[in-house]
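**Q** Structure below; questions to follow.
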Amino acid sequence: MKKRIFDIVFSLVFIVLCLPLMFLIAFCILIFYGRPIIFKQERVGIHEQTFIIYKFRTMINGSGNKAVKTKTDPRVTKLGYWLRHYKLDELPQFFNVLKGNMGLVGPRPHTIITNKKFKKELPDYLIHYRALPGITGLSQIHIDSFDYDGWGEKAIKYDLEYINQMSIWLDIKIILRTILFIVTK
């Protein structure tokens, strides 16, 4: 319960502080690339319940709904590259936190395809669903998400470590490390 209150209060404050930036990003996407402004994708969350995740659209229109983890994906717009680099494309996820689909910190919510793959390949994967997925987490501060070699196993290892040690203090530490990572990037 304390974690949920912390998530709501932090998200509300963050949204209010970042609202001008979010409007500016939305305006730039609309002017330069048209609609839609928000990218929506079905993800798997706590207890394997699906939900729609929100992000600012970073790819050209008609790119499909398939996420590809490459640094040089030609479908990514110039603005989208910049938004991804500084993780600003993820700002709308704070609305997912307010809705209760996500927390600030937790395991990453995977796509349905990735979820099916990991369930087959990784024996401890189902433990992943004991916690709300998060905007950030241990895997995000420890792994380069573009490193394909063993990415899934590494990420799940960190997600399970987080689930076993969950606390507000750990969340604060991860949030501060995430901010430091973004600022020094």
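In the structure tokens, the first chain shown is A, the next is B, and so on; residue numbers restart at 1 for each chain, and ligands run from 1 in the order shown.
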From a backbone DSSP assignment, name each residue in chain A labelled alpha helix (DSSP H), as a PyMOL selection string.

**A** chain A and resi 2-33+78-85+93-99+112-121+138-142+151-165+168-183

**Q** Select from region 48-143 of chain A everything DSSP, run on the backbone, classes as strand (DSSP E), then give the selection as a PDB file with C-alpha atoms, in the first residue's frame.

**A**
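Generated file (part-v6.pdb):
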ATOM      1  CA  THR A  50      -2.680  -7.447 -20.296  1.00  0.00           C
ATOM      2  CA  PHE A  51      -2.898  -3.659 -20.462  1.00  0.00           C
ATOM      3  CA  ILE A  52      -2.170  -0.874 -22.935  1.00  0.00           C
ATOM      4  CA  ILE A  53       1.116   0.949 -22.417  1.00  0.00           C
ATOM      5  CA  TYR A  54       1.478   4.574 -23.559  1.00  0.00           C
ATOM      6  CA  LYS A  55       4.577   6.161 -25.077  1.00  0.00           C
ATOM      7  CA  PHE A  56       5.227   9.098 -27.347  1.00  0.00           C
ATOM      8  CA  GLY A 103       4.463   1.225 -10.829  1.00  0.00           C
ATOM      9  CA  LEU A 104       7.383   3.610 -10.983  1.00  0.00           C
ATOM     10  CA  VAL A 105       9.798   0.739 -10.368  1.00  0.00           C
ATOM     11  CA  HIS A 110       6.930  -7.284 -22.033  1.00  0.00           C
ATOM     12  CA  THR A 111       4.993  -7.558 -25.262  1.00  0.00           C
ATOM     13  CA  GLY A 134       7.629  -0.519 -13.751  1.00  0.00           C
ATOM     14  CA  ILE A 135       8.751   2.412 -15.854  1.00  0.00           C
ATOM     15  CA  THR A 136      12.258   1.679 -14.596  1.00  0.00           C
TER      16      THR A 136
END

**Q** Report the distance between CA of Asp171 (chain A) and CA of Ala26 (chain A) in Å, rounded to one decimal place.

**A**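 Result for CA of Asp171 (chain A) versus CA of Ala26 (chain A): 28.6 Å, one decimal.
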
**Q** Find the residues near Glu121 (chain A): any atom within 12 Å, counting only C-alpha atoms, skip ones fewer than 6 places away on the same chain, and give them as a compact mmCIF listing (two decimals) with C-alpha atoms, in the first residue's frame.

**A**
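Result went into part.txt, see below:
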# COMPACT_ATOMS: atom_id res chain seq x y z
CA THR A 114 8.22 -11.60 -25.86
CA ASN A 115 6.20 -12.93 -22.95
CA GLY A 150 21.56 -12.81 -23.41
CA GLY A 152 16.33 -11.63 -21.75
CA GLU A 153 18.11 -13.81 -19.21
CA ILE A 156 14.84 -11.46 -15.85

**Q** Just want the 10 Å neighbourhood of Leu79 (chain A), counted on only C-alpha atoms, with same-chain residues fewer than 5 positions away dropped. Output as a PDB file with N, CA and C atoms, in the first residue's frame.

**A**
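Written output follows (result-v4.pdb):
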ATOM      1  N   ILE A  25       6.505  18.201 -26.624  1.00  0.00           N
ATOM      2  CA  ILE A  25       6.810  16.976 -27.374  1.00  0.00           C
ATOM      3  C   ILE A  25       5.618  16.585 -28.242  1.00  0.00           C
ATOM      4  N   CYS A  28       5.355  18.923 -31.202  1.00  0.00           N
ATOM      5  CA  CYS A  28       6.393  18.659 -32.212  1.00  0.00           C
ATOM      6  C   CYS A  28       6.070  17.399 -33.014  1.00  0.00           C
ATOM      7  N   ILE A  29       5.614  16.360 -32.346  1.00  0.00           N
ATOM      8  CA  ILE A  29       5.243  15.135 -33.067  1.00  0.00           C
ATOM      9  C   ILE A  29       4.108  15.439 -34.037  1.00  0.00           C
ATOM     10  N   PHE A  32       5.462  17.843 -37.031  1.00  0.00           N
ATOM     11  CA  PHE A  32       6.458  17.262 -37.930  1.00  0.00           C
ATOM     12  C   PHE A  32       6.076  15.894 -38.494  1.00  0.00           C
ATOM     13  N   TYR A  33       5.273  15.129 -37.740  1.00  0.00           N
ATOM     14  CA  TYR A  33       5.010  13.746 -38.163  1.00  0.00           C
ATOM     15  C   TYR A  33       3.529  13.377 -38.199  1.00  0.00           C
ATOM     16  N   ARG A  57       5.033   8.570 -29.696  1.00  0.00           N
ATOM     17  CA  ARG A  57       5.391   7.885 -30.937  1.00  0.00           C
ATOM     18  C   ARG A  57       6.755   8.374 -31.398  1.00  0.00           C
ATOM     19  N   THR A  58       7.634   7.421 -31.687  1.00  0.00           N
ATOM     20  CA  THR A  58       8.997   7.752 -32.110  1.00  0.00           C
ATOM     21  C   THR A  58       9.321   7.248 -33.514  1.00  0.00           C
ATOM     22  N   MET A  59       8.375   6.543 -34.124  1.00  0.00           N
ATOM     23  CA  MET A  59       8.644   5.993 -35.451  1.00  0.00           C
ATOM     24  C   MET A  59       7.711   6.619 -36.484  1.00  0.00           C
ATOM     25  N   ARG A  84      13.996   8.877 -27.543  1.00  0.00           N
ATOM     26  CA  ARG A  84      14.446   7.579 -27.019  1.00  0.00           C
ATOM     27  C   ARG A  84      15.755   7.711 -26.255  1.00  0.00           C
ATOM     28  N   HIS A  85      16.670   8.495 -26.801  1.00  0.00           N
ATOM     29  CA  HIS A  85      17.986   8.652 -26.172  1.00  0.00           C
ATOM     30  C   HIS A  85      17.856   9.154 -24.732  1.00  0.00           C
ATOM     31  N   ASP A  89      10.366   9.485 -24.450  1.00  0.00           N
ATOM     32  CA  ASP A  89       9.231   8.795 -25.075  1.00  0.00           C
ATOM     33  C   ASP A  89       8.408   8.049 -24.029  1.00  0.00           C
TER      34      ASP A  89
END

**Q** Find the residues near His47 (chain A): any atom within 10 Å, counting only C-alpha atoms, skip ones fewer than 3 places away on the same chain, and give them as a ChimeraX atom specification.

**A** /A:44,50,126-132

**Q** For those residues, write N, CA and C atoms to a file as a CSV table (one decimal), in the first residue's frame.

**A**
chain,number,residue,atom,x,y,z
A,44,VAL,N,2.1,-7.2,-21.1
A,44,VAL,CA,1.7,-8.2,-20.0
A,44,VAL,C,2.2,-7.7,-18.7
A,50,THR,N,-3.1,-8.3,-19.2
A,50,THR,CA,-2.7,-7.4,-20.3
A,50,THR,C,-3.2,-6.0,-20.1
A,126,LEU,N,8.0,-16.9,-14.7
A,126,LEU,CA,6.6,-16.7,-14.1
A,126,LEU,C,6.7,-15.8,-12.8
A,127,ILE,N,7.8,-15.9,-12.1
A,127,ILE,CA,7.9,-15.1,-10.9
A,127,ILE,C,7.8,-13.6,-11.3
A,128,HIS,N,8.2,-13.3,-12.5
A,128,HIS,CA,8.1,-11.9,-13.1
A,128,HIS,C,6.8,-11.3,-12.8
A,129,TYR,N,5.7,-12.0,-12.7
A,129,TYR,CA,4.3,-11.5,-12.6
A,129,TYR,C,3.9,-11.3,-11.2
A,130,ARG,N,4.8,-11.4,-10.2
A,130,ARG,CA,4.4,-11.2,-8.8
A,130,ARG,C,4.4,-9.7,-8.5
A,131,ALA,N,4.9,-8.8,-9.3
A,131,ALA,CA,4.9,-7.4,-9.0
A,131,ALA,C,4.4,-6.6,-10.2
A,132,LEU,N,3.9,-5.4,-9.9
A,132,LEU,CA,3.5,-4.5,-11.0
A,132,LEU,C,4.7,-4.2,-11.9

**Q** Quick one: residues within 12 Å of region 165-167 of chain A, only C-alpha atoms counted, chain neighbours fewer than 3 positions away excluded, as a list in words?

**A** Met1, Lys2, Lys3, Arg4, Phe6, Gly103, Val105, Gly106, Pro107, Arg130, Ala131, Leu132, Gly137, Leu138, Tyr158, Asp159, Leu160, Glu161, Tyr162, Leu170, Asp171, Ile172, Lys173 and Ile174 of chain A

**Q** For each of A:Val183, A:Leu176, A:Arg35, A:Ala155, take the minimum atom-to-atom distance to Pro109 (chain A), counting only C-alpha atoms, then give the residue where this is smallest.

**A**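 Of all the options, A:Ala155 lies closest to Pro109 (chain A).
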
**Q** By how many Å are CA of Gly80 (chain A) and CA of Val16 (chain A) apart?

**A**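 Distance between the two atoms: 22.7 Å.
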
**Q** Grab the CA of Ile8 (chain A) to CA of Leu98 (chain A) distance for me, in Å with one decimal place.

**A**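 CA of Leu98 (chain A) lies at a distance of 5.8 Å from CA of Ile8 (chain A).
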
**Q** So, counting only C-alpha atoms, which residue among A:Val76, A:Ile179, A:Ile60, A:Ile113 is closest to Gly34 (chain A)?

**A** A:Ile60
